[in-house]
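Data file: upload_24.txt. Format and content: compact mmCIF, C-alpha atoms and all ligand atoms.
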# COMPACT_ATOMS: atom_id res chain seq x y z
CA MET A 1 -24.03 25.69 -10.87
CA ASN A 2 -21.82 28.77 -10.65
CA GLU A 3 -18.37 27.27 -10.82
CA LEU A 4 -16.65 30.47 -9.73
CA SER A 5 -18.37 30.17 -6.36
CA ASN A 6 -16.19 27.15 -5.79
CA GLU A 7 -12.95 29.04 -6.17
CA LEU A 8 -10.44 28.65 -3.37
CA PRO A 9 -9.64 31.96 -1.63
CA ASP A 10 -6.23 33.61 -1.76
CA LEU A 11 -3.62 32.49 0.72
CA THR A 12 -4.13 35.43 3.09
CA SER A 13 -7.60 34.15 3.99
CA ASP A 14 -8.33 32.61 7.40
CA PHE A 15 -9.62 29.61 5.51
CA TRP A 16 -6.07 28.24 5.13
CA LEU A 17 -5.27 28.44 8.83
CA LYS A 18 -8.49 26.61 9.59
CA LEU A 19 -7.72 24.00 6.94
CA LYS A 20 -4.35 23.35 8.53
CA GLN A 21 -6.03 22.96 11.92
CA LYS A 22 -8.50 20.51 10.40
CA CYS A 23 -5.64 18.48 8.93
CA SER A 24 -4.00 18.31 12.32
CA GLU A 25 -7.26 17.06 13.86
CA LEU A 26 -7.55 14.39 11.15
CA GLN A 27 -3.86 13.39 11.56
CA ILE A 28 -3.23 14.41 7.95
CA ILE A 29 0.48 15.16 7.77
CA SER A 30 0.67 16.60 4.27
CA LEU A 31 -1.79 18.14 1.84
CA HIS A 32 -1.47 19.74 -1.55
CA ILE A 33 -4.00 20.77 -4.18
CA ILE A 34 -3.35 20.20 -7.87
CA PRO A 35 -5.47 20.72 -11.00
CA THR A 36 -6.86 17.46 -12.40
CA ASP A 37 -5.11 18.14 -15.75
CA TYR A 38 -1.92 17.01 -14.09
CA ALA A 39 -3.05 13.43 -14.80
CA ILE A 40 -1.67 13.78 -18.33
CA GLY A 41 1.90 13.32 -17.09
CA GLY A 42 1.01 10.22 -15.08
CA LYS A 43 0.59 8.22 -18.26
CA LYS A 44 4.31 8.48 -18.96
CA SER A 45 5.33 7.24 -15.48
CA PHE A 46 2.82 4.41 -15.73
CA GLU A 47 4.17 3.28 -19.09
CA GLU A 48 7.71 3.40 -17.74
CA LYS A 49 6.75 1.19 -14.83
CA PHE A 50 4.59 -1.32 -16.66
CA GLY A 51 5.77 -0.89 -20.24
CA ASN A 52 7.05 -4.48 -20.33
CA GLY A 53 3.78 -5.93 -19.10
CA VAL A 54 2.41 -6.72 -15.66
CA PRO A 55 2.02 -10.04 -13.83
CA GLU A 56 -1.40 -11.68 -14.17
CA ASP A 57 -2.33 -10.88 -10.55
CA LEU A 58 -1.82 -7.14 -11.21
CA GLU A 59 -3.58 -6.94 -14.54
CA TYR A 60 -6.33 -4.85 -12.99
CA LEU A 61 -3.85 -1.96 -12.93
CA THR A 62 -3.86 -1.77 -16.71
CA ARG A 63 -7.64 -1.53 -17.02
CA ASN A 64 -9.60 1.71 -17.34
CA GLN A 65 -6.68 3.77 -18.65
CA GLU A 66 -9.01 6.39 -20.07
CA VAL A 67 -10.37 6.98 -16.54
CA ARG A 68 -6.85 7.16 -15.12
CA ASN A 69 -5.93 9.81 -17.71
CA ASN A 70 -9.08 11.83 -17.07
CA PRO A 71 -10.23 12.14 -13.42
CA GLY A 72 -13.34 13.92 -14.74
CA LEU A 73 -14.63 10.44 -15.58
CA ILE A 74 -14.49 9.53 -11.89
CA LEU A 75 -16.25 12.70 -10.74
CA GLU A 76 -18.05 14.79 -13.32
CA GLY A 77 -16.81 18.36 -13.29
CA ALA A 78 -13.73 17.53 -11.19
CA ARG A 79 -11.28 20.43 -11.20
CA SER A 80 -8.77 19.68 -8.49
CA VAL A 81 -7.19 16.88 -6.53
CA ILE A 82 -6.44 17.26 -2.83
CA SER A 83 -3.61 14.82 -2.22
CA ILE A 84 -3.02 13.91 1.43
CA SER A 85 -0.85 11.57 3.47
CA LEU A 86 -1.06 9.86 6.85
CA SER A 87 1.86 8.26 8.67
CA TYR A 88 1.95 4.59 9.62
CA HIS A 89 5.57 4.59 10.76
CA SER A 90 5.60 2.13 13.64
CA SER A 91 8.16 0.91 16.12
CA ASP A 92 10.55 -1.91 15.31
CA TYR A 93 9.25 -5.42 15.18
CA PRO A 94 11.15 -8.21 16.93
CA ALA A 95 13.14 -10.30 14.44
CA ASP A 96 12.23 -13.67 15.95
CA PRO A 97 12.18 -16.33 13.19
CA HIS A 98 9.33 -18.17 14.96
CA THR A 99 7.12 -15.06 14.85
CA GLY A 100 5.50 -14.00 11.59
CA TYR A 101 6.51 -10.58 10.25
CA ILE A 102 3.69 -8.37 9.06
CA SER A 103 4.46 -5.26 7.08
CA ALA A 104 4.08 -2.08 9.15
CA TYR A 105 1.23 -0.71 7.04
CA ALA A 106 -0.96 -3.75 7.68
CA ARG A 107 -0.70 -4.10 11.46
CA GLY A 108 -3.54 -1.74 12.30
CA ARG A 109 -7.04 -1.09 11.04
CA ASP A 110 -7.66 -1.45 7.30
CA TYR A 111 -6.11 1.76 5.95
CA HIS A 112 -8.63 1.99 3.10
CA LYS A 113 -11.39 2.54 5.64
CA VAL A 114 -9.38 4.97 7.76
CA ILE A 115 -8.29 7.12 4.81
CA LYS A 116 -11.78 7.12 3.31
CA GLN A 117 -13.30 8.29 6.61
CA ARG A 118 -10.71 11.06 7.01
CA LEU A 119 -11.16 12.22 3.40
CA ASP A 120 -14.94 12.23 3.75
CA ARG A 121 -14.65 14.28 6.93
CA LEU A 122 -12.35 16.71 5.15
CA GLY A 123 -14.76 16.91 2.20
CA ASN A 124 -17.73 17.58 4.47
CA TRP A 125 -15.75 20.25 6.31
CA LEU A 126 -14.95 21.94 2.97
CA LYS A 127 -18.66 21.98 2.22
CA ASN A 128 -19.14 24.42 5.11
CA THR A 129 -17.27 27.01 3.08
CA PHE A 130 -18.22 25.77 -0.40
CA PRO A 131 -21.74 24.33 -0.10
CA ASP A 132 -21.97 23.60 -3.83
CA ILE A 133 -18.87 21.50 -4.19
CA ARG A 134 -18.95 17.83 -4.94
CA PHE A 135 -16.17 15.49 -3.94
CA ARG A 136 -15.13 11.86 -4.06
CA ALA A 137 -12.59 10.17 -1.83
CA ILE A 138 -10.11 7.87 -3.59
CA THR A 139 -8.30 5.16 -1.65
CA ASP A 140 -7.23 2.62 -4.27
CA SER A 141 -10.92 2.65 -5.11
CA ALA A 142 -10.66 4.14 -8.60
CA PRO A 143 -8.04 4.09 -11.36
CA PHE A 144 -5.82 7.02 -10.44
CA TYR A 145 -2.17 8.12 -10.78
CA GLU A 146 -1.67 8.39 -7.05
CA GLN A 147 2.12 8.60 -6.86
CA HIS A 148 2.26 11.00 -9.77
CA PHE A 149 -0.06 13.47 -8.04
CA ALA A 150 1.72 13.01 -4.71
CA LYS A 151 5.09 13.83 -6.24
CA ALA A 152 3.82 17.20 -7.44
CA SER A 153 4.42 18.47 -3.91
CA VAL A 154 7.70 20.19 -3.19
CA PHE A 155 7.90 18.06 -0.05
CA MET A 156 7.61 14.72 -1.79
CA ALA A 157 9.92 12.68 -3.99
CA LYS A 158 10.28 9.11 -5.16
CA GLY A 159 13.30 7.11 -4.08
CA ARG A 160 15.23 4.34 -5.82
CA ASN A 161 13.11 1.94 -3.77
CA ASN A 162 10.11 3.06 -5.90
CA LEU A 163 8.39 4.62 -2.90
CA VAL A 164 7.23 8.18 -2.47
CA ARG A 165 8.58 9.83 0.65
CA LEU A 166 7.57 12.94 2.50
CA LYS A 167 10.00 15.39 4.02
CA ASN A 168 10.32 14.76 7.78
CA ALA A 169 8.10 11.65 7.61
CA GLY A 170 9.87 9.25 5.26
CA SER A 171 8.15 6.68 3.07
CA MET A 172 5.95 4.94 5.65
CA ILE A 173 2.97 6.99 4.61
CA PHE A 174 -0.44 6.24 3.15
CA LEU A 175 -1.56 8.38 0.25
CA GLY A 176 -5.17 9.33 -0.41
CA GLU A 177 -6.97 11.80 -2.65
CA LEU A 178 -10.06 13.91 -2.54
CA LEU A 179 -11.23 14.63 -6.03
CA THR A 180 -13.25 17.87 -5.95
CA THR A 181 -15.04 20.42 -8.09
CA LEU A 182 -13.07 23.18 -6.33
CA ASN A 183 -11.26 25.60 -8.61
CA LEU A 184 -7.70 26.64 -7.97
CA PRO A 185 -7.25 30.42 -8.23
CA ASP A 186 -4.45 29.83 -10.75
CA PRO A 187 -4.63 26.54 -12.69
CA LYS A 188 -0.90 26.75 -13.39
CA LYS A 189 0.00 26.59 -9.70
CA ILE A 190 -0.35 24.03 -6.95
CA ILE A 191 -1.10 24.89 -3.33
CA THR A 192 0.90 23.03 -0.71
CA MET A 193 0.58 22.89 3.06
CA ASN A 194 3.82 23.92 4.68
CA THR A 195 5.27 20.95 6.54
CA GLU A 196 8.50 22.77 7.31
CA LYS A 197 9.05 22.91 11.07
CA ASN A 198 8.92 26.26 12.89
CA THR A 199 7.24 28.12 10.08
CA GLU A 200 3.61 27.04 10.51
CA SER A 201 2.27 30.37 11.64
CA ASP A 202 4.04 32.28 8.88
CA TYR A 203 3.13 30.18 5.87
CA PRO A 204 0.38 27.61 6.45
CA PHE A 205 0.15 27.16 2.66
CA PHE A 206 2.08 28.45 -0.32
CA THR A 207 1.93 28.09 -4.10
CA THR A 208 4.47 26.75 -6.54
CA VAL A 209 4.46 26.88 -10.29
CA LEU A 210 3.25 23.65 -11.80
CA ASN A 211 5.92 22.57 -14.20
CA ASP A 212 5.45 20.33 -17.20
CA ALA A 213 3.35 17.48 -15.83
CA SER A 214 5.20 14.96 -17.94
CA ASP A 215 8.60 15.97 -16.64
CA GLU A 216 9.60 13.60 -13.84
CA ASN A 217 12.51 15.83 -12.91
CA SER A 218 10.61 19.05 -12.76
CA ASN A 219 11.61 21.04 -9.74
CA ASN A 220 8.84 22.81 -7.90
CA CYS A 221 11.16 24.33 -5.35
CA ILE A 222 10.37 27.90 -4.46
CA SER A 223 12.62 30.49 -2.98
CA GLY A 224 11.86 31.37 0.61
CA LEU A 225 11.63 27.78 1.77
CA SER A 226 14.79 26.42 3.27
CA SER A 227 14.77 23.23 1.25
CA GLY A 228 13.07 21.77 -1.76
CA LYS A 229 13.09 18.62 -3.81
CA ASN A 230 16.87 18.37 -3.88
CA SER A 231 17.13 17.56 -0.19
CA LEU A 232 14.69 14.68 -0.71
CA GLU A 233 16.46 12.98 -3.57
CA CYS A 234 18.49 9.82 -3.02
CA PRO A 235 22.12 10.62 -2.27
CA GLU A 236 24.13 9.96 -5.40
CA LYS A 237 26.04 7.02 -3.98
CA CYS A 238 23.36 5.42 -1.84
CA ARG A 239 22.27 1.96 -2.96
CA LEU A 240 21.26 0.58 0.45
CA CYS A 241 17.81 -0.52 -0.67
CA PHE A 242 19.35 -2.53 -3.53
CA SER A 243 21.92 -4.28 -1.36
CA SER A 244 19.35 -4.98 1.40
CA CYS A 245 16.64 -6.50 -0.80
CA PRO A 246 16.52 -10.18 0.25
CA THR A 247 15.59 -11.57 -3.17
CA GLY A 248 17.27 -9.17 -5.61
CA ALA A 249 13.88 -7.88 -6.77
CA LEU A 250 15.13 -4.34 -6.33
CA ASN A 251 18.30 -3.87 -8.33
CA PRO A 252 19.94 -1.13 -10.39
CA LYS A 253 18.85 -2.60 -13.72
CA LYS A 254 15.14 -3.31 -13.42
CA PHE A 255 12.60 -3.90 -10.68
CA ARG A 256 11.74 -7.62 -10.77
CA ILE A 257 8.26 -7.63 -9.29
CA GLU A 258 7.99 -11.41 -9.62
CA LYS A 259 10.76 -11.66 -7.00
CA CYS A 260 9.42 -9.04 -4.62
CA ILE A 261 8.32 -10.49 -1.28
CA SER A 262 5.58 -7.92 -0.94
CA TYR A 263 4.09 -9.03 -4.25
CA LEU A 264 4.67 -12.74 -3.60
CA THR A 265 3.11 -12.85 -0.13
CA ILE A 266 0.15 -10.56 -0.87
CA GLU A 267 -0.80 -10.46 -4.54
CA TYR A 268 0.58 -13.68 -5.96
CA GLY A 269 -1.72 -16.66 -5.64
CA GLY A 270 0.42 -19.53 -6.91
CA TYR A 271 3.38 -21.67 -5.93
CA ILE A 272 6.26 -19.55 -4.65
CA PRO A 273 9.44 -20.64 -6.46
CA GLU A 274 11.63 -22.66 -4.10
CA GLU A 275 14.75 -20.59 -4.79
CA LEU A 276 12.94 -17.61 -3.19
CA TRP A 277 11.77 -19.37 -0.03
CA SER A 278 14.80 -18.59 2.10
CA GLY A 279 14.62 -14.87 1.20
CA LEU A 280 11.16 -14.65 2.74
CA GLN A 281 12.58 -15.54 6.19
CA ASN A 282 9.69 -14.94 8.63
CA ARG A 283 7.79 -12.51 6.38
CA ILE A 284 4.21 -13.70 6.14
CA TYR A 285 2.62 -10.51 4.84
CA GLY A 286 4.67 -7.97 2.94
CA CYS A 287 8.23 -6.80 3.41
CA ASP A 288 9.56 -3.47 4.63
CA THR A 289 13.25 -4.06 4.07
CA CYS A 290 13.75 -1.47 1.33
CA GLN A 291 12.08 1.08 3.61
CA LEU A 292 13.67 0.15 6.92
CA CYS A 293 17.20 0.43 5.53
CA CYS A 294 16.56 3.83 3.94
CA PRO A 295 18.25 6.77 5.69
CA PHE A 296 15.14 8.88 5.08
CA ASN A 297 13.19 6.61 7.42
CA LYS A 298 15.75 6.56 10.21
CA LYS A 299 15.01 9.87 11.89
CA THR A 300 11.28 10.09 11.46
CA ASP A 301 8.74 10.02 14.26
CA ILE A 302 6.62 6.99 15.10
CA THR A 303 3.02 7.73 14.17
CA ALA A 304 0.70 8.89 16.92
CA ASP A 305 -2.27 7.66 14.90
CA PRO A 306 -4.00 5.02 17.04
CA GLU A 307 -5.70 3.45 14.01
CA PHE A 308 -2.36 2.19 12.75
CA SER A 309 -0.91 0.74 15.94
CA SER A 310 -0.55 -3.05 15.88
CA ARG A 311 -3.58 -5.16 16.65
CA PHE A 312 -1.54 -8.33 16.98
CA SER A 313 0.36 -9.58 20.00
CA GLN A 314 3.65 -11.40 19.54
CA ASP A 315 2.00 -14.55 20.90
CA PHE A 316 -0.72 -14.37 18.30
CA LEU A 317 1.89 -14.11 15.56
CA LYS A 318 3.79 -17.25 16.63
CA LEU A 319 3.98 -19.45 13.54
CA SER A 320 2.75 -22.46 15.49
CA HIS A 321 -0.38 -20.48 16.44
CA LEU A 322 -1.02 -19.09 12.95
CA LEU A 323 -0.61 -22.52 11.36
CA SER A 324 -3.26 -23.90 13.70
CA LEU A 325 -5.93 -21.37 12.66
CA THR A 326 -9.02 -22.68 10.90
CA PRO A 327 -10.42 -20.67 7.97
CA GLU A 328 -13.12 -19.32 10.30
CA GLU A 329 -10.58 -18.31 12.95
CA PHE A 330 -8.46 -16.65 10.26
CA LYS A 331 -11.45 -14.56 9.19
CA LYS A 332 -12.32 -13.58 12.72
CA SER A 333 -8.74 -12.73 13.72
CA PHE A 334 -7.93 -10.60 10.68
CA SER A 335 -11.31 -9.01 10.19
CA GLY A 336 -11.03 -5.22 9.83
CA THR A 337 -7.36 -5.40 8.76
CA PRO A 338 -5.91 -5.36 5.22
CA ILE A 339 -4.62 -8.90 5.80
CA LEU A 340 -8.09 -10.40 5.50
CA ARG A 341 -8.09 -9.83 1.76
CA ILE A 342 -5.26 -12.30 1.00
CA GLY A 343 -7.45 -15.10 2.37
CA TYR A 344 -6.72 -18.15 4.49
CA TYR A 345 -4.81 -20.24 1.97
CA LYS A 346 -2.24 -17.62 0.99
CA MET A 347 -1.64 -16.96 4.68
CA MET A 348 -1.09 -20.68 5.32
CA ARG A 349 1.29 -20.85 2.34
CA ASN A 350 3.33 -17.93 3.69
CA CYS A 351 3.44 -19.42 7.20
CA ILE A 352 4.55 -22.82 5.83
CA ILE A 353 7.54 -21.16 4.14
CA ALA A 354 8.35 -19.17 7.30
CA ALA A 355 8.21 -22.42 9.32
CA VAL A 356 10.62 -24.09 6.88
CA ASN A 357 12.95 -21.09 7.18
CA THR A 358 13.30 -21.67 10.93
CA GLY A 359 14.89 -25.04 10.07
CA SER A 360 13.06 -26.52 13.06
CA SER A 361 11.42 -29.94 12.75
CA GLU A 362 9.10 -29.00 15.63
CA TYR A 363 6.73 -27.69 12.95
CA ILE A 364 6.27 -31.08 11.29
CA SER A 365 3.43 -32.10 13.60
CA CYS A 366 1.40 -28.91 13.04
CA LEU A 367 2.03 -29.09 9.30
CA VAL A 368 0.66 -32.67 9.32
CA ILE A 369 -2.50 -31.43 11.05
CA LEU A 370 -2.79 -28.64 8.48
CA ARG A 371 -2.37 -31.10 5.60
CA ASN A 372 -5.13 -33.33 7.00
CA SER A 373 -7.56 -30.45 7.36
CA VAL A 374 -6.82 -29.14 3.84
CA LEU A 375 -7.30 -32.64 2.40
CA LYS A 376 -10.58 -32.99 4.28
CA ARG A 377 -11.77 -29.65 2.96
CA MET A 378 -10.78 -30.63 -0.58
CA ASN A 379 -12.76 -33.86 -0.35
CA LEU A 380 -15.79 -31.89 0.80
CA LEU A 381 -15.44 -29.49 -2.12
CA HIS A 382 -15.15 -32.37 -4.60
CA ALA A 383 -18.23 -33.97 -3.05
CA GLU A 384 -20.10 -30.69 -3.40
CA ILE A 385 -19.19 -30.51 -7.07
CA THR A 386 -20.21 -34.12 -7.67
CA ALA A 387 -23.52 -33.53 -5.91
CA GLY A 388 -23.97 -30.35 -7.93
CA ASN A 389 -23.38 -32.19 -11.19
CA THR A 390 -26.17 -34.65 -10.39
CA ASP A 391 -28.44 -32.08 -8.76
CA GLY A 392 -28.17 -29.05 -11.00
CA GLU A 393 -30.84 -27.15 -9.08
CA ASN A 394 -28.72 -26.77 -5.93
CA TYR A 395 -25.43 -26.41 -7.75
CA SER A 396 -24.32 -22.86 -7.15
CA GLU A 397 -21.00 -21.10 -7.42
CA PRO A 398 -19.02 -23.79 -9.24
CA ASP A 399 -16.26 -21.24 -9.94
CA ARG A 400 -15.87 -20.55 -6.25
CA LEU A 401 -15.59 -24.26 -5.47
CA LEU A 402 -13.03 -24.84 -8.20
CA ARG A 403 -11.04 -21.80 -7.09
CA GLU A 404 -10.92 -23.09 -3.54
CA ILE A 405 -9.83 -26.54 -4.74
CA SER A 406 -7.00 -24.91 -6.64
CA GLU A 407 -5.99 -22.96 -3.49
CA CYS A 408 -6.00 -26.21 -1.47
CA THR A 409 -3.80 -27.84 -4.12
CA MET A 410 -1.41 -24.89 -3.95
CA VAL A 411 -1.09 -25.23 -0.15
CA LEU A 412 -0.61 -29.02 -0.41
CA ARG A 413 2.26 -28.51 -2.88
CA HIS A 414 3.99 -26.18 -0.46
CA LEU A 415 3.43 -28.67 2.36
CA GLU A 416 5.03 -31.52 0.40
CA HIS A 417 8.18 -29.51 -0.23
CA ALA A 418 8.18 -28.28 3.37
CA PHE A 419 8.11 -31.88 4.68
CA THR A 420 11.06 -32.80 2.47
CA LEU A 421 13.13 -29.86 3.66
CA LEU A 422 12.27 -30.18 7.36
CA ARG A 423 12.81 -33.96 7.38
CA ASN A 424 16.18 -33.54 5.65
CA ASN A 425 17.16 -31.11 8.42
CA HIS A 426 16.05 -33.62 11.02
CA ASP A 427 17.96 -36.63 9.58
S1 LIG B 1 9.60 -5.09 -0.60
FE1 LIG B 1 11.30 -6.45 0.01
S2 LIG B 1 11.54 -7.89 -1.68
FE2 LIG B 1 10.30 -6.17 -2.45
S3 LIG B 1 11.78 -4.81 -3.35
FE3 LIG B 1 11.54 -4.13 -1.23
S4 LIG B 1 13.15 -5.21 -0.11
FE4 LIG B 1 12.94 -6.22 -2.08
S1 LIG B 2 18.06 3.46 0.57
FE1 LIG B 2 19.28 5.07 -0.44
S2 LIG B 2 18.98 4.70 -2.65
FE2 LIG B 2 17.40 3.56 -1.58
S3 LIG B 2 15.63 4.92 -1.56
FE3 LIG B 2 16.72 5.25 0.37
S4 LIG B 2 18.13 6.95 -0.04
FE4 LIG B 2 17.43 6.17 -2.03

Transcribe the structure of this file into structure tokens.
Amino acid sequence: MNELSNELPDLTSDFWLKLKQKCSELQIISLHIIPTDYAIGGKKSFEEKFGNGVPEDLEYLTRNQEVRNNPGLILEGARSVISISLSYHSSDYPADPHTGYISAYARGRDYHKVIKQRLDRLGNWLKNTFPDIRFRAITDSAPFYEQHFAKASVFMAKGRNNLVRLKNAGSMIFLGELLTTLNLPDPKKIITMNTEKNTESDYPFFTTVLNDASDENSNNCISGLSSGKNSLECPEKCRLCFSSCPTGALNPKKFRIEKCISYLTIEYGGYIPEELWSGLQNRIYGCDTCQLCCPFNKKTDITADPEFSSRFSQDFLKLSHLLSLTPEEFKKSFSGTPILRIGYYKMMRNCIIAAVNTGSSEYISCLVILRNSVLKRMNLLHAEITAGNTDGENYSEPDRLLREISECTMVLRHLEHAFTLLRNNHD
């Protein structure tokens, strides 16, 4: 293959105007193109974040480091990364304690699927101009330094809340990458789509010098643009995200992931420590507090992307309704959304804690029904294991059965503590 035939044209070409139009059609709000070598610097950020170890549930992040450091192992011959973002900034959610709070990013269609489709469409469109290129869409689907590549853009920076934000759009954005065999005209420069308002027709794209990839503070700002990285950095005195964090997970000293509600309600599969229950309030999937309080998210537009508008009515999210769902109803209701992946038992656990946080004994009756159905399910699972032990031929998936028993036990533990707290309130 003649690699030079895959070289991106210079910025005066019509190609860039058409690319910007394509982005607009795909609701892509930012795009920049970086050489794959930039991965080298991601190692340093990764070690800073996880240098002291990672919780068991996130261990997968530490695997395949050699692939993370070398995107060429994901796509042979990869030369460049097209880093994009989509907005999921949605309208405010009512703060009713009897209604479960779902993080803004998870209220619509599963973002993995949406981003993958958009990236594939972008890749296929690029093939019209570069028929020989190969590409692979990445949406959490391969080990990759996503934030590191995103921050290479002059319009992106990471805040003290650990989130990458985009100029004019804030931090409620999904990131995605198209790994390609396209060559940048100058491997020492990145190409960035101009997201500055009122300048689209003049500069659809521009280049900036790629500074030392390992330097977190490198400034890619170019003259001629009215603002660069500096305007995106946290104001010196702002600590709003620290003071707003309900559990103290985010604090000036060290991010305590084991106290983060987002981690606890989504990734963590065990018993949530009782001292953290009240901090969860009505949050049953994720937590947006360190984003919602951030001044950079205050003046941004609500997304017009229909894929990310909420699929759930307020009635559906009533705790009494959610606690009455069967495992089958849970699957059906959350199918096609990111929430499905936490599974029925974690969702029940989170709703039990939210019910306790209302302080209302009206939940005791539905929690009793839930306990009975979990006990019944556990008995069935035990019976299946016993039958399996005596009838080895039909005994399949013992690990799955044991895992489900352990999830039932976890929910029952939460229920016992919930009964104690709600009955104490009642007495
Ligand atoms: S997601 Fe919530 S709990 Fe986690 S750091 Fe942010 S504010 Fe704190
Ligand atoms: S709340 Fe303040 S300190 Fe926190 S990320 Fe936003 S600007 Fe930075």

With only C-alpha atoms counted and 12 Å as the cut-off, give the residues of stretch 236-349 of chain A in contact with stretch 14-36 of chain A, each with its shortest interatomic distance in Å and the pair that gives it, as a Markdown table.
| residue | atom | partner | partner_atom | distance |
| --- | --- | --- | --- | --- |
| A:Asp301 | CA | A:Ile29 | CA | 11.7 |
| A:Thr303 | CA | A:Gln27 | CA | 9.3 |
| A:Ala304 | CA | A:Gln27 | CA | 8.4 |
| A:Asp305 | CA | A:Gln27 | CA | 6.8 |
| A:Pro306 | CA | A:Gln27 | CA | 10.0 |
| A:Glu307 | CA | A:Gln27 | CA | 10.4 |
| A:Phe308 | CA | A:Gln27 | CA | 11.4 |

Just want the residues within 9 Å of ligand LIG 2 (chain B), written as a compact mmCIF listing (two decimals) with C-alpha atoms, in the frame of the given file, counting all atoms listed in the file.
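The file below, part16.txt, is the result:
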# COMPACT_ATOMS: atom_id res chain seq x y z
CA LYS A 158 10.28 9.11 -5.16
CA GLY A 159 13.30 7.11 -4.08
CA ARG A 160 15.23 4.34 -5.82
CA ASN A 161 13.11 1.94 -3.77
CA ASN A 162 10.11 3.06 -5.90
CA LEU A 163 8.39 4.62 -2.90
CA ARG A 165 8.58 9.83 0.65
CA SER A 171 8.15 6.68 3.07
CA LEU A 232 14.69 14.68 -0.71
CA GLU A 233 16.46 12.98 -3.57
CA CYS A 234 18.49 9.82 -3.02
CA PRO A 235 22.12 10.62 -2.27
CA GLU A 236 24.13 9.96 -5.40
CA LYS A 237 26.04 7.02 -3.98
CA CYS A 238 23.36 5.42 -1.84
CA ARG A 239 22.27 1.96 -2.96
CA LEU A 240 21.26 0.58 0.45
CA CYS A 241 17.81 -0.52 -0.67
CA PHE A 242 19.35 -2.53 -3.53
CA SER A 243 21.92 -4.28 -1.36
CA SER A 244 19.35 -4.98 1.40
CA CYS A 290 13.75 -1.47 1.33
CA GLN A 291 12.08 1.08 3.61
CA LEU A 292 13.67 0.15 6.92
CA CYS A 293 17.20 0.43 5.53
CA CYS A 294 16.56 3.83 3.94
CA PRO A 295 18.25 6.77 5.69
CA PHE A 296 15.14 8.88 5.08
CA ASN A 297 13.19 6.61 7.42

(request) Could you check which of A:Ser262, A:Ser87, A:Thr192, A:Asn70 is closest to ligand LIG 1 (chain B), using all atoms listed in the file? (result)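 Ranking A:Ser262, A:Ser87, A:Thr192, A:Asn70 by distance to ligand LIG 1 (chain B), first place goes to A:Ser262.
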
(message) Nearest residue to A:Glu416 out of A:Lys127, A:Arg371, A:Lys346, A:Arg341, using all atoms listed in the file?
(response)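 Ranked by minimum distance to A:Glu416, first place goes to A:Arg371.
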
Each residue of chain A lying at most 8 Å from ligand LIG 1 (chain B) should get a row with its shortest atom-to-atom pair and the distance in Å to one decimal, counting only C-alpha atoms and all ligand atoms; could you produce that, ordered by chain and increasing number, as JSON lines?
{"residue": "A:Asn161", "atom": "CA", "partner": "B:LIG1", "partner_atom": "FE3", "distance": 6.8}
{"residue": "A:Cys241", "atom": "CA", "partner": "B:LIG1", "partner_atom": "S4", "distance": 6.6}
{"residue": "A:Phe242", "atom": "CA", "partner": "B:LIG1", "partner_atom": "FE4", "distance": 7.5}
{"residue": "A:Ser244", "atom": "CA", "partner": "B:LIG1", "partner_atom": "S4", "distance": 6.4}
{"residue": "A:Cys245", "atom": "CA", "partner": "B:LIG1", "partner_atom": "S4", "distance": 3.8}
{"residue": "A:Pro246", "atom": "CA", "partner": "B:LIG1", "partner_atom": "S2", "distance": 5.8}
{"residue": "A:Thr247", "atom": "CA", "partner": "B:LIG1", "partner_atom": "S2", "distance": 5.7}
{"residue": "A:Gly248", "atom": "CA", "partner": "B:LIG1", "partner_atom": "FE4", "distance": 6.3}
{"residue": "A:Ala249", "atom": "CA", "partner": "B:LIG1", "partner_atom": "S3", "distance": 5.1}
{"residue": "A:Leu250", "atom": "CA", "partner": "B:LIG1", "partner_atom": "S3", "distance": 4.5}
{"residue": "A:Phe255", "atom": "CA", "partner": "B:LIG1", "partner_atom": "S3", "distance": 7.4}
{"residue": "A:Arg256", "atom": "CA", "partner": "B:LIG1", "partner_atom": "S3", "distance": 7.9}
{"residue": "A:Ile257", "atom": "CA", "partner": "B:LIG1", "partner_atom": "FE2", "distance": 7.3}
{"residue": "A:Lys259", "atom": "CA", "partner": "B:LIG1", "partner_atom": "S2", "distance": 6.6}
{"residue": "A:Cys260", "atom": "CA", "partner": "B:LIG1", "partner_atom": "FE2", "distance": 3.7}
{"residue": "A:Ile261", "atom": "CA", "partner": "B:LIG1", "partner_atom": "S2", "distance": 4.2}
{"residue": "A:Ser262", "atom": "CA", "partner": "B:LIG1", "partner_atom": "S1", "distance": 4.9}
{"residue": "A:Tyr263", "atom": "CA", "partner": "B:LIG1", "partner_atom": "FE2", "distance": 7.1}
{"residue": "A:Gly286", "atom": "CA", "partner": "B:LIG1", "partner_atom": "S1", "distance": 6.7}
{"residue": "A:Cys287", "atom": "CA", "partner": "B:LIG1", "partner_atom": "S1", "distance": 4.6}
{"residue": "A:Asp288", "atom": "CA", "partner": "B:LIG1", "partner_atom": "S1", "distance": 5.5}
{"residue": "A:Thr289", "atom": "CA", "partner": "B:LIG1", "partner_atom": "S4", "distance": 4.3}
{"residue": "A:Cys290", "atom": "CA", "partner": "B:LIG1", "partner_atom": "S4", "distance": 4.1}
{"residue": "A:Gln291", "atom": "CA", "partner": "B:LIG1", "partner_atom": "FE3", "distance": 7.1}

(request) Using only C-alpha atoms, determine which residues lie at most 8 Å from A:Leu415, disregarding the query and same-chain residues fewer than 2 positions distant; provide the list as number ranges by chain. (result) A: 352, 367, 371, 411-413, 417-419

(message) Which residue is closest to A:Asp186? Choose from A:Phe174, A:Glu384, A:Arg79, A:Leu119 and count only C-alpha atoms.
(response)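 Closest residue, counting only C-alpha atoms: A:Arg79.
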